[in-house]
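> So here's final.txt, just compact mmCIF, C-alpha atoms:
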# COMPACT_ATOMS: atom_id res chain seq x y z
CA MET E 478 0.00 0.00 0.00
CA LEU E 479 2.78 2.38 0.92
CA THR E 480 4.84 1.35 -2.10
CA GLU E 481 3.38 4.13 -4.20
CA TYR E 482 5.09 6.63 -1.91
CA LEU E 483 8.50 5.05 -2.45
CA PRO E 484 9.57 7.49 -5.23
CA ILE E 485 9.18 10.35 -2.78
CA LEU E 486 11.50 8.55 -0.39
CA TYR E 487 13.98 7.98 -3.21
CA ILE E 488 13.92 11.67 -4.10
CA MET E 489 14.42 12.63 -0.45
CA ILE E 490 17.38 10.28 -0.11
CA LEU E 491 18.84 11.57 -3.37
CA ALA E 492 18.43 15.19 -2.28
CA VAL E 493 20.13 14.56 1.06
CA LEU E 494 22.92 12.60 -0.62
CA PHE E 495 23.49 15.32 -3.23
CA GLY E 496 23.53 18.08 -0.65
CA ALA E 497 25.79 16.23 1.75
CA GLY E 498 28.00 15.00 -1.10
CA THR E 499 28.67 18.44 -2.55
CA VAL E 500 29.35 19.93 0.86
CA PHE E 501 31.75 17.07 1.64
CA LEU E 502 33.48 17.33 -1.75
CA SER E 503 34.02 21.05 -1.47
CA HIS E 504 35.24 20.52 2.07
CA ILE E 505 38.00 18.12 1.05
CA LEU E 506 38.79 19.76 -2.29
CA GLY E 507 38.64 23.44 -1.37
CA PRO E 508 41.86 25.24 -0.59
CA LYS E 509 42.16 26.53 2.96
CA ARG E 510 44.50 29.38 3.72
CA PRO E 511 43.38 30.91 7.00
CA PHE E 512 45.13 34.01 8.28
CA LYS E 513 44.30 36.65 10.83
CA VAL E 514 42.28 39.13 8.78
CA LYS E 515 40.38 36.38 7.03
CA GLU E 516 39.19 34.82 10.27
CA GLU E 517 37.95 38.05 11.78
CA VAL E 518 34.25 38.93 11.86
CA TYR E 519 32.87 40.36 8.63
CA GLU E 520 31.68 43.93 9.22
CA CYS E 521 31.39 45.21 5.63
CA GLY E 522 35.13 45.64 5.51
CA LEU E 523 35.44 47.61 8.70
CA GLN E 524 37.18 46.52 11.85
CA SER E 525 34.53 45.22 14.21
CA GLU E 526 34.22 46.93 17.55
CA GLY E 527 32.91 45.53 20.80
CA ALA E 528 31.63 42.04 21.47
CA GLN E 529 30.23 40.17 18.49
CA TYR E 530 27.81 38.09 20.54
CA ALA E 531 25.30 40.46 22.12
CA GLN E 532 22.16 39.28 23.88
CA THR E 533 18.78 40.38 22.55
CA PRO E 534 15.92 41.03 24.98
CA VAL E 535 13.17 38.43 24.77
CA LYS E 536 10.61 41.23 24.43
CA PHE E 537 11.52 41.50 20.77
CA TYR E 538 10.09 38.01 20.31
CA VAL E 539 6.60 39.03 21.40
CA ILE E 540 6.67 42.20 19.32
CA ALA E 541 7.91 40.34 16.25
CA LEU E 542 5.24 37.67 16.64
CA LEU E 543 2.46 40.22 17.04
CA PHE E 544 3.74 42.17 14.08
CA LEU E 545 3.76 39.02 11.98
CA VAL E 546 0.21 38.09 12.99
CA PHE E 547 -1.37 41.50 12.48
CA ASP E 548 0.68 42.45 9.46
CA LEU E 549 -0.14 39.32 7.52
CA GLU E 550 -3.87 40.02 7.88
CA ALA E 551 -3.38 42.87 5.46
CA VAL E 552 -2.42 40.32 2.83
CA PHE E 553 -5.95 38.92 2.96
CA LEU E 554 -7.41 42.37 2.44
CA TYR E 555 -5.75 42.89 -0.94
CA PRO E 556 -7.45 40.12 -2.96
CA TRP E 557 -10.68 40.92 -1.16
CA ALA E 558 -10.44 44.60 -2.16
CA VAL E 559 -9.62 43.71 -5.76
CA TYR E 560 -12.57 41.30 -6.07
CA TYR E 561 -14.89 43.33 -3.85
CA ARG E 562 -17.43 44.35 -6.53
CA ASN E 563 -18.13 40.79 -7.55
CA LEU E 564 -18.49 39.50 -4.02
CA GLY E 565 -21.33 41.83 -3.16
CA ILE E 566 -22.87 42.12 0.28
CA PHE E 567 -21.81 38.60 1.26
CA GLY E 568 -18.13 39.42 0.82
CA PHE E 569 -18.52 42.61 2.79
CA VAL E 570 -20.16 40.88 5.75
CA GLU E 571 -17.66 38.05 5.62
CA MET E 572 -14.71 40.43 5.78
CA MET E 573 -16.31 42.48 8.53
CA VAL E 574 -16.69 39.35 10.62
CA PHE E 575 -13.06 38.53 9.99
CA LEU E 576 -11.97 42.05 10.96
CA LEU E 577 -14.17 41.92 14.06
CA ILE E 578 -12.45 38.75 15.22
CA LEU E 579 -9.13 40.44 14.53
CA LEU E 580 -10.19 43.51 16.50
CA ILE E 581 -11.22 41.36 19.47
CA CYS E 582 -7.81 39.68 19.38
CA TYR E 583 -6.17 43.10 19.18
CA PHE E 584 -7.99 44.35 22.27
CA TYR E 585 -7.18 41.12 24.07
CA VAL E 586 -3.49 41.59 23.31
CA TRP E 587 -3.71 45.21 24.36
CA LYS E 588 -5.47 44.32 27.62
CA LYS E 589 -2.87 41.65 28.38
CA GLY E 590 -0.17 44.30 28.16
CA ALA E 591 1.77 42.72 25.32
CA LEU E 592 2.14 46.06 23.55
CA GLU E 593 3.84 47.68 26.51
CA TRP E 594 7.59 47.66 26.40
CA ASP E 595 8.45 47.87 30.09
CA MET T 191 15.62 91.53 7.37
CA GLU T 192 16.99 94.74 5.93
CA LEU T 193 20.73 95.04 5.71
CA ASN T 194 20.69 98.43 7.45
CA ALA T 195 18.94 97.02 10.49
CA ILE T 196 21.48 94.20 10.69
CA VAL T 197 24.38 96.62 10.40
CA ASN T 198 22.88 98.83 13.10
CA ALA T 199 22.35 95.90 15.43
CA ILE T 200 25.93 94.77 14.97
CA SER T 201 27.53 98.19 15.36
CA GLU T 202 25.58 98.68 18.57
CA LYS T 203 27.24 95.61 20.10
CA CYS T 204 30.67 95.88 18.55
CA PRO T 205 31.31 99.14 16.75
CA GLY T 206 33.66 99.20 13.81
CA SER T 207 33.54 95.46 13.23
CA ILE T 208 31.97 95.65 9.77
CA LEU T 209 34.67 96.35 7.22
CA LYS T 210 32.59 96.18 4.06
CA GLN T 211 29.02 95.52 2.99
CA THR T 212 27.89 94.55 -0.50
CA GLU T 213 24.94 93.01 -2.26
CA ASN T 214 25.33 90.24 -4.78
CA HIS T 215 22.44 88.63 -6.69
CA GLY T 216 20.06 89.84 -4.02
CA ILE T 217 22.04 88.35 -1.15
CA ASN T 218 23.63 90.67 1.38
CA GLU T 219 27.20 90.16 2.36
CA ILE T 220 29.19 91.72 5.15
CA THR T 221 32.91 91.47 5.79
CA VAL T 222 33.75 91.46 9.48
CA SER T 223 37.00 91.89 11.33
CA ALA T 224 38.56 88.98 13.12
CA GLN T 225 38.74 90.66 16.56
CA CYS T 226 35.04 90.56 17.41
CA PHE T 227 33.97 87.87 14.94
CA TYR T 228 32.41 85.63 17.60
CA GLU T 229 30.38 88.51 19.12
CA VAL T 230 29.10 89.50 15.66
CA MET T 231 27.95 85.94 15.02
CA GLN T 232 26.26 85.83 18.43
CA THR T 233 24.42 89.04 17.58
CA LEU T 234 23.34 87.66 14.22
CA GLN T 235 21.94 84.52 15.83
CA GLY T 236 20.19 86.44 18.61
CA ASP T 237 16.58 87.60 18.61
CA GLY T 238 17.37 90.98 17.04
CA CYS T 239 18.57 89.54 13.74
CA GLY T 240 17.21 86.01 13.95
CA PHE T 241 19.55 84.12 11.64
CA ASP T 242 18.79 80.80 13.23
CA MET T 243 20.38 78.54 10.65
CA LEU T 244 23.93 78.21 9.36
CA THR T 245 23.66 76.63 5.94
CA ASP T 246 27.29 76.31 4.99
CA VAL T 247 30.83 77.17 5.90
CA VAL T 248 33.04 77.83 2.87
CA GLY T 249 36.76 78.34 2.72
CA ILE T 250 38.48 80.04 -0.22
CA ASP T 251 42.21 80.03 -0.84
CA ARG T 252 43.38 83.29 -2.46
CA MET T 253 46.99 82.37 -2.38
CA PRO T 254 49.08 85.41 -3.39
CA ARG T 255 46.92 87.67 -1.23
CA ALA T 256 48.21 88.68 2.18
CA PRO T 257 45.49 87.27 4.45
CA ARG T 258 45.47 84.06 2.53
CA PHE T 259 42.02 82.63 3.20
CA ASP T 260 38.44 83.82 2.96
CA LEU T 261 35.86 82.16 5.19
CA LEU T 262 32.22 82.49 4.16
CA TYR T 263 29.41 81.72 6.59
CA VAL T 264 26.09 81.42 4.79
CA LEU T 265 23.27 82.28 7.21
CA LEU T 266 19.54 81.80 6.76
CA SER T 267 16.69 83.22 8.75
CA MET T 268 13.79 80.79 9.01
CA LYS T 269 11.38 83.64 9.80
CA ASP T 270 11.57 85.67 6.60
CA PHE T 271 13.89 83.40 4.61
CA SER T 272 16.49 86.08 4.07
CA ARG T 273 20.09 85.11 3.64
CA LEU T 274 23.28 86.76 4.77
CA ILE T 275 26.85 85.91 3.93
CA VAL T 276 29.44 86.77 6.54
CA ARG T 277 32.96 86.99 5.16
CA LEU T 278 36.03 86.74 7.32
CA GLU T 279 39.59 87.05 6.10
CA ALA T 280 42.06 84.74 7.80
CA GLY T 281 45.78 84.49 7.39
CA GLU T 282 47.76 81.27 7.33
CA GLY T 283 48.12 79.79 10.79
CA GLN T 284 45.58 82.19 12.24
CA GLU T 285 43.08 80.64 14.62
CA VAL T 286 39.45 81.44 13.95
CA PRO T 287 36.96 81.13 16.82
CA SER T 288 34.56 78.25 16.20
CA VAL T 289 30.87 79.11 15.95
CA SER T 290 29.74 75.55 16.62
CA SER T 291 28.55 76.66 20.07
CA ILE T 292 26.18 79.09 18.32
CA TRP T 293 25.00 76.88 15.44
CA HIS T 294 25.53 73.15 15.86
CA SER T 295 25.68 72.68 12.11
CA ALA T 296 28.99 74.53 12.12
CA ASN T 297 30.61 71.49 13.70
CA TRP T 298 31.00 69.43 10.55
CA GLY T 299 31.31 72.45 8.26
CA GLU T 300 34.30 73.69 10.19
CA ARG T 301 35.76 70.21 10.27
CA GLU T 302 35.53 70.15 6.48
CA VAL T 303 37.23 73.53 6.16
CA PHE T 304 39.91 72.39 8.58
CA ASP T 305 40.40 69.18 6.63
CA LEU T 306 40.60 70.64 3.14
CA MET T 307 42.02 74.11 3.86
CA GLY T 308 43.98 73.71 7.06
CA ILE T 309 42.34 76.55 8.95
CA ASN T 310 42.36 75.95 12.69
CA PHE T 311 39.27 76.69 14.76
CA SER T 312 39.65 77.44 18.43
CA ASN T 313 37.13 76.03 20.93
CA HIS T 314 35.90 73.45 18.43
CA PRO T 315 34.53 70.39 20.28
CA ASP T 316 35.96 67.79 17.88
CA LEU T 317 38.38 69.13 15.30
CA ARG T 318 39.32 66.03 13.31
CA ARG T 319 39.56 65.35 9.60
CA ILE T 320 36.19 64.51 8.11
CA LEU T 321 36.69 63.71 4.39
CA THR T 322 40.27 62.50 4.11
CA TRP T 323 41.70 59.87 6.39
CA GLU T 324 43.28 60.48 9.76
CA ASN T 325 46.97 60.39 8.92
CA PHE T 326 46.61 62.21 5.60
CA ASP T 327 49.41 64.66 4.98
CA GLY T 328 48.46 68.13 3.75
CA HIS T 329 45.26 69.97 2.93
CA PRO T 330 43.96 69.13 -0.57
CA LEU T 331 42.06 72.28 -1.49
CA ARG T 332 44.99 74.58 -0.85
CA LYS T 333 46.34 75.99 -4.08
CA ASP T 334 49.87 74.81 -3.42
CA PHE T 335 48.74 71.21 -2.92
CA PRO T 336 49.71 69.01 -5.90
CA LEU T 337 46.59 67.53 -7.50
CA GLU T 338 48.06 64.04 -7.71
CA GLY T 339 49.14 64.09 -4.10
CA LYS T 340 52.64 63.71 -2.79
CA ASP T 341 53.23 60.00 -3.37
CA PHE T 342 51.59 59.70 -6.76
CA ASP T 343 54.47 57.93 -8.49
CA LYS T 344 54.89 55.37 -5.71
CA PRO T 345 52.74 52.24 -5.53
CA PHE T 346 49.83 52.68 -3.17
CA ASP T 347 49.68 50.69 0.03
CA THR T 348 46.56 50.46 2.18
CA LYS T 349 48.76 50.68 5.27
CA THR T 350 49.25 54.38 4.54
CA VAL T 351 45.52 54.89 5.16
CA LYS T 352 44.95 52.55 8.09
CA ASP T 353 47.41 50.17 9.61
CA TYR T 354 45.04 47.34 10.56
CA CYS T 355 44.80 45.88 7.10
CA MET Z 932 45.43 22.47 3.66
CA GLY Z 933 42.80 20.84 1.56
CA LEU Z 934 43.16 17.87 -0.71
CA GLU Z 935 43.75 20.33 -3.52
CA ASN Z 936 47.38 20.83 -2.59
CA GLN Z 937 48.06 17.08 -2.64
CA LEU Z 938 46.71 16.71 -6.15
CA VAL Z 939 49.88 17.28 -8.16
CA GLY Z 940 51.22 15.42 -11.14
CA ASP Z 941 49.69 14.45 -14.45
CA ASN Z 942 48.07 11.09 -13.85
CA VAL Z 943 44.55 10.32 -14.98
CA LEU Z 944 42.99 10.79 -11.56
CA VAL Z 945 44.38 14.27 -11.10
CA THR Z 946 43.50 15.49 -14.56
CA SER Z 947 39.95 14.20 -14.49
CA MET Z 948 39.43 15.54 -10.99
CA THR Z 949 40.80 18.90 -12.15
CA LYS Z 950 38.36 18.93 -15.05
CA LEU Z 951 35.43 18.14 -12.78
CA VAL Z 952 36.33 20.72 -10.14
CA ASN Z 953 37.06 23.44 -12.70
CA TRP Z 954 33.80 22.70 -14.46
CA GLY Z 955 31.96 23.15 -11.19
CA ARG Z 956 33.80 26.32 -10.29
CA ALA Z 957 33.45 27.91 -13.70
CA ASN Z 958 29.71 27.41 -13.81
CA SER Z 959 28.96 28.71 -10.34
CA VAL Z 960 30.99 31.89 -9.97
CA TRP Z 961 29.09 33.66 -7.24
CA PRO Z 962 29.92 37.36 -7.06
CA CYS Z 963 30.07 39.45 -3.92
CA THR Z 964 27.36 42.10 -3.53
CA PHE Z 965 29.70 45.01 -3.80
CA GLY Z 966 29.56 48.24 -5.79
CA LEU Z 967 31.44 51.48 -5.48
CA ALA Z 968 30.16 53.99 -8.03
CA CYS Z 969 28.22 54.30 -11.27
CA CYS Z 970 29.66 51.04 -12.64
CA ALA Z 971 27.68 49.25 -9.94
CA LEU Z 972 24.45 50.19 -11.72
CA GLU Z 973 25.66 48.51 -14.89
CA MET Z 974 26.65 45.50 -12.83
CA ILE Z 975 23.12 45.41 -11.37
CA ALA Z 976 21.66 45.80 -14.85
CA SER Z 977 23.63 42.78 -16.03
CA THR Z 978 21.83 40.63 -13.45
CA LEU Z 979 18.38 41.65 -14.64
CA ALA Z 980 16.30 39.71 -17.12
CA ASN Z 981 17.41 41.70 -20.17
CA PHE Z 982 21.02 40.60 -19.90
CA ASP Z 983 20.52 37.65 -17.56
CA ILE Z 984 23.79 36.85 -15.86
CA SER Z 985 22.20 33.65 -14.54
CA ARG Z 986 22.92 32.01 -17.89
CA PHE Z 987 26.48 31.78 -16.56
CA GLY Z 988 25.52 30.63 -13.08
CA SER Z 989 26.45 33.94 -11.50
CA GLU Z 990 23.09 35.35 -10.52
CA VAL Z 991 23.59 34.59 -6.85
CA PHE Z 992 25.08 37.80 -5.49
CA ARG Z 993 26.14 36.83 -2.00
CA PRO Z 994 25.84 39.33 0.84
CA SER Z 995 28.79 37.78 2.65
CA PRO Z 996 32.31 37.46 1.25
CA ARG Z 997 32.58 34.02 2.86
CA GLN Z 998 30.20 32.62 0.26
CA SER Z 999 31.42 34.42 -2.83
CA ASP Z 1000 34.07 33.48 -5.37
CA LEU Z 1001 34.27 36.68 -7.34
CA ILE Z 1002 34.49 40.33 -6.40
CA ILE Z 1003 33.63 42.85 -9.10
CA ILE Z 1004 35.32 46.15 -8.24
CA ALA Z 1005 32.64 48.29 -9.86
CA GLY Z 1006 33.64 51.93 -9.75
CA THR Z 1007 36.10 54.50 -8.49
CA LEU Z 1008 38.15 53.21 -5.60
CA THR Z 1009 39.13 56.01 -3.27
CA LYS Z 1010 42.07 55.57 -0.99
CA LYS Z 1011 39.85 55.85 2.07
CA MET Z 1012 37.69 52.99 0.77
CA SER Z 1013 40.65 50.86 -0.28
CA VAL Z 1014 41.07 49.57 3.29
CA MET Z 1015 37.57 48.08 3.22
CA VAL Z 1016 38.05 46.58 -0.24
CA LYS Z 1017 41.31 44.92 0.76
CA ARG Z 1018 39.67 43.58 3.89
CA ILE Z 1019 36.63 42.22 2.05
CA TYR Z 1020 38.92 40.56 -0.49
CA ASP Z 1021 40.99 39.07 2.30
CA GLN Z 1022 37.88 37.68 3.97
CA MET Z 1023 36.63 35.93 0.86
CA ALA Z 1024 37.02 32.17 0.85
CA ASP Z 1025 39.53 30.61 -1.53
CA PRO Z 1026 39.48 30.17 -4.48
CA LYS Z 1027 38.64 33.74 -5.44
CA TRP Z 1028 38.78 35.91 -8.53
CA VAL Z 1029 38.68 39.64 -9.14
CA ILE Z 1030 37.22 41.68 -11.99
CA ALA Z 1031 38.27 45.33 -12.27
CA MET Z 1032 35.25 46.88 -13.91
CA GLY Z 1033 35.55 50.19 -15.71
CA ALA Z 1034 38.30 52.70 -16.29
CA CYS Z 1035 38.49 53.88 -12.67
CA ALA Z 1036 38.97 50.46 -11.16
CA SER Z 1037 41.44 49.46 -13.88
CA CYS Z 1038 43.74 52.47 -13.82
CA GLY Z 1039 42.15 55.36 -11.94
CA GLY Z 1040 40.31 56.62 -15.00
CA VAL Z 1041 39.89 60.36 -15.22
CA PHE Z 1042 40.69 60.75 -11.54
CA LYS Z 1043 44.41 61.44 -11.59
CA SER Z 1044 44.01 62.61 -8.05
CA TYR Z 1045 45.38 62.41 -4.53
CA SER Z 1046 42.29 60.60 -3.28
CA VAL Z 1047 41.85 57.84 -5.87
CA VAL Z 1048 43.74 54.56 -6.09
CA GLN Z 1049 45.26 54.39 -9.58
CA GLY Z 1050 44.03 50.89 -10.34
CA VAL Z 1051 42.88 48.23 -7.89
CA ASP Z 1052 45.75 46.00 -8.96
CA GLN Z 1053 47.85 48.05 -6.58
CA ILE Z 1054 46.09 46.46 -3.63
CA ILE Z 1055 44.56 43.17 -4.83
CA PRO Z 1056 45.43 40.85 -7.75
CA VAL Z 1057 43.09 41.38 -10.70
CA ASP Z 1058 42.16 38.60 -13.13
CA VAL Z 1059 40.12 40.45 -15.73
CA TYR Z 1060 39.95 44.15 -16.62
CA ILE Z 1061 36.79 45.44 -18.28
CA PRO Z 1062 37.30 48.72 -20.17
CA GLY Z 1063 34.56 51.29 -20.47
CA CYS Z 1064 33.18 54.24 -18.55
CA PRO Z 1065 30.98 52.58 -17.48
CA PRO Z 1066 31.10 49.28 -19.40
CA ARG Z 1067 27.83 48.03 -20.79
CA PRO Z 1068 26.30 44.92 -19.20
CA GLU Z 1069 27.40 42.92 -22.26
CA ALA Z 1070 30.97 43.84 -21.39
CA VAL Z 1071 30.43 42.59 -17.83
CA LEU Z 1072 29.16 39.30 -19.23
CA ALA Z 1073 32.17 39.13 -21.55
CA GLY Z 1074 34.44 39.66 -18.55
CA LEU Z 1075 32.65 36.91 -16.70
CA MET Z 1076 33.14 34.55 -19.64
CA LYS Z 1077 36.84 35.43 -19.60
CA ILE Z 1078 36.93 34.46 -15.91
CA GLN Z 1079 35.25 31.17 -16.77
CA GLU Z 1080 37.82 30.51 -19.50
CA LYS Z 1081 40.57 31.24 -17.03
CA ILE Z 1082 39.10 28.92 -14.40
CA LEU Z 1083 38.91 26.07 -16.91
CA THR Z 1084 42.64 26.30 -17.58
CA GLU Z 1085 43.67 26.35 -13.94
CA LYS Z 1086 45.45 23.46 -12.29
CA LEU Z 1087 44.43 22.34 -8.82
CA GLY Z 1088 46.74 23.54 -6.07
CA GLN Z 1089 48.74 25.58 -8.53
CA ARG Z 1090 46.87 28.84 -8.61
CA PRO Z 1091 49.55 31.54 -8.74
CA ASP Z 1092 48.31 33.32 -5.62
CA VAL Z 1093 48.36 30.06 -3.65
CA LEU Z 1094 51.84 29.19 -4.87
CA SER Z 1095 53.38 32.57 -4.17
CA GLY Z 1096 51.69 32.94 -0.77
CA THR Z 1097 51.93 36.69 -1.12
CA LEU Z 1098 48.36 37.47 -0.25
CA GLN Z 1099 48.65 37.36 3.49
Will you turn the file into structure tokens for me?

Amino acid sequence: MLTEYLPILYIMILAVLFGAGTVFLSHILGPKRPFKVKEEVYECGLQSEGAQYAQTPVKFYVIALLFLVFDLEAVFLYPWAVYYRNLGIFGFVEMMVFLLILLICYFYVWKKGALEWD
Amino acid sequence: MELNAIVNAISEKCPGSILKQTENHGINEITVSAQCFYEVMQTLQGDGCGFDMLTDVVGIDRMPRAPRFDLLYVLLSMKDFSRLIVRLEAGEGQEVPSVSSIWHSANWGEREVFDLMGINFSNHPDLRRILTWENFDGHPLRKDFPLEGKDFDKPFDTKTVKDYC
Amino acid sequence: MGLENQLVGDNVLVTSMTKLVNWGRANSVWPCTFGLACCALEMIASTLANFDISRFGSEVFRPSPRQSDLIIIAGTLTKKMSVMVKRIYDQMADPKWVIAMGACASCGGVFKSYSVVQGVDQIIPVDVYIPGCPPRPEAVLAGLMKIQEKILTEKLGQRPDVLSGTLQ
């Protein structure tokens, strides 16, 4: 029964083999001439200053996630706006329901204090 | 603002400081003496004259002339959009008081003039080269500076610019 | 030291391996995303659909020098900028090639001046010079094909910059 999925497995194995093979080949074949400047951190050609490994506050994670969620909703609005005339009153109500749900989520997030930085 | 009113305001504070006044293409220009240059600029920025913006600082090398350099300060009043050019003659090696405490925009303008002309500004917060690199030798916009630079015929090495390479 | 430096001689293994490696390198010359002046716009134009640099496998402009094989010096190189260019070239992974694009990068161009490097070959080794001010995208593609020709004639472990060891 599962035999019809075998080609997918073959392709996956082939892809992994090809990827790993080329990386391995270039690893053993590539010339390596490390020296001081080459091993330094790349800063667009400038000398890097300060520590290269800085910690980022976890607050950015929440902000980024919220941005992603609420920004991507705008993507749904575009096709809706383009096709709006043909959808008629049904499309309007449908989108308003969607936006209402979004607005409720927005107020929930606001109330929870996720938009406050400190 | 009328040129006469400006001249009156200045000569009240520091009499005899205006050496010459002209008009060129509708823009007034005054030449001031070096002794009370800073006080004149303070007066121009103050409420009486109201030139609240320094648009540019220009240096001119007039080499055979006795005070070698001309410094032009282009002022703009944001109230009536009138412009005024203040000209100051400076000899080689003469220190000019910095006006960066009056207009903050003078900071980089004076650094540029220092870099390219070699005019020193006293009381400047950060008088470093701004366009050429730190250990550059000479001042490129002086008339006696060779256009190709001093080491043109030698091969260029990046270590002459910065030594970390 | 990679295996490359052990592959010397003229036996059948070395020559066929050389052919394979050079074929791979020549058809995937990834340039560094790097432009200095007006020539950079022509370099960008050569990647667009009209001229289509991806025919030669070079459409992948890498944002990091660690992943790029080719640096196109596109434009006037001032002495103040030369430090960065040298550093970026140094940080590129071997093997690497350089194209001096345009009159300014090749010889200083019209800027016979105190502030301009009179040819990038004074700081890094150049493989191909493209004349023009700026060169048309076709000329960039021609330069790229010259690089490919050069790669195909190279011998493993015997690139001149590796042998001389001068690029430290």
> I want to know what sits within 8 Å of range 1054-1070 of chain Z, based on only C-alpha atoms, with residues of the same chain fewer than 6 positions away left out; could you give that as a PyMOL selection string?
(chain T and resi 346-348) or (chain Z and resi 969-970+973-974+976-977+982+1013+1017+1020+1028-1035+1037+1077-1078)
> With only C-alpha atoms considered, list every residue of chain E at most 10 Å from chain Z, as a ChimeraX atom specification.
/E:502-524
> Z:Gly1050, Z:Lys1081, Z:Tyr1045, Z:Ile984: which is nearest chain T, counting all atoms listed in the file?
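So, comparing all the options, the nearest one is Z:Tyr1045.
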> Which distance in Å separates CA of Pro330 in chain T and CA of Trp298 in chain T, to one decimal?
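Separation of CA of Pro330 in chain T and CA of Trp298 in chain T: 17.1 Å.
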> Extract, using only C-alpha atoms, all DNA, RNA and protein residues at most 12 Å from range 337-339 of chain T, discarding same-chain residues fewer than 5 positions from it, and format them as a list in words.
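My list of contacting residues is Phe326, Asp327, Gly328, His329, Pro330, Leu331, Arg332, Lys344 and Phe346 of chain T; Lys1010, Gly1039, Val1041, Phe1042, Lys1043, Ser1044, Tyr1045, Ser1046, Val1047, Val1048 and Gln1049 of chain Z.
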> I need the residues from that last selection saved to file as a CSV table (one decimal), keeping the file's coordinate frame (with C-alpha atoms), if you can.

chain,number,residue,atom,x,y,z
T,326,PHE,CA,46.6,62.2,5.6
T,327,ASP,CA,49.4,64.7,5.0
T,328,GLY,CA,48.5,68.1,3.8
T,329,HIS,CA,45.3,70.0,2.9
T,330,PRO,CA,44.0,69.1,-0.6
T,331,LEU,CA,42.1,72.3,-1.5
T,332,ARG,CA,45.0,74.6,-0.8
T,344,LYS,CA,54.9,55.4,-5.7
T,346,PHE,CA,49.8,52.7,-3.2
Z,1010,LYS,CA,42.1,55.6,-1.0
Z,1039,GLY,CA,42.2,55.4,-11.9
Z,1041,VAL,CA,39.9,60.4,-15.2
Z,1042,PHE,CA,40.7,60.8,-11.5
Z,1043,LYS,CA,44.4,61.4,-11.6
Z,1044,SER,CA,44.0,62.6,-8.0
Z,1045,TYR,CA,45.4,62.4,-4.5
Z,1046,SER,CA,42.3,60.6,-3.3
Z,1047,VAL,CA,41.8,57.8,-5.9
Z,1048,VAL,CA,43.7,54.6,-6.1
Z,1049,GLN,CA,45.3,54.4,-9.6
> If you count all atoms listed in the file, which residues fall within 12 Å of Asn194 in chain T, apart from same-chain ones fewer than 2 positions away, as a list in words?
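These residues fall inside the cut-off: Met191, Glu192, Ile196, Val197, Asn198, Ala199, Ile200, Ser201, Ile208, Gln211, Thr212, Glu213, Asn218, Glu219, Ile220 and Cys239 of chain T.
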> In Å to one decimal, how far is CA of Ile1002 in chain Z from CA of Ala1073 in chain Z?
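It comes out at 15.4 Å.
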> Mind checking which residues fall within 10 Å of range 529-542 of chain E, counting only C-alpha atoms, ignoring those fewer than 2 positions away in the same chain, and posting them as a count of residues only?
14
> Here is a test: counting all atoms listed in the file, which residue of Z:Met1076, Z:Val945, Z:Leu1083, Z:Val1071 is nearest to Thr978 in chain Z?
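Of Z:Met1076, Z:Val945, Z:Leu1083, Z:Val1071, the one nearest Thr978 in chain Z, counting all atoms listed in the file, is Z:Val1071.
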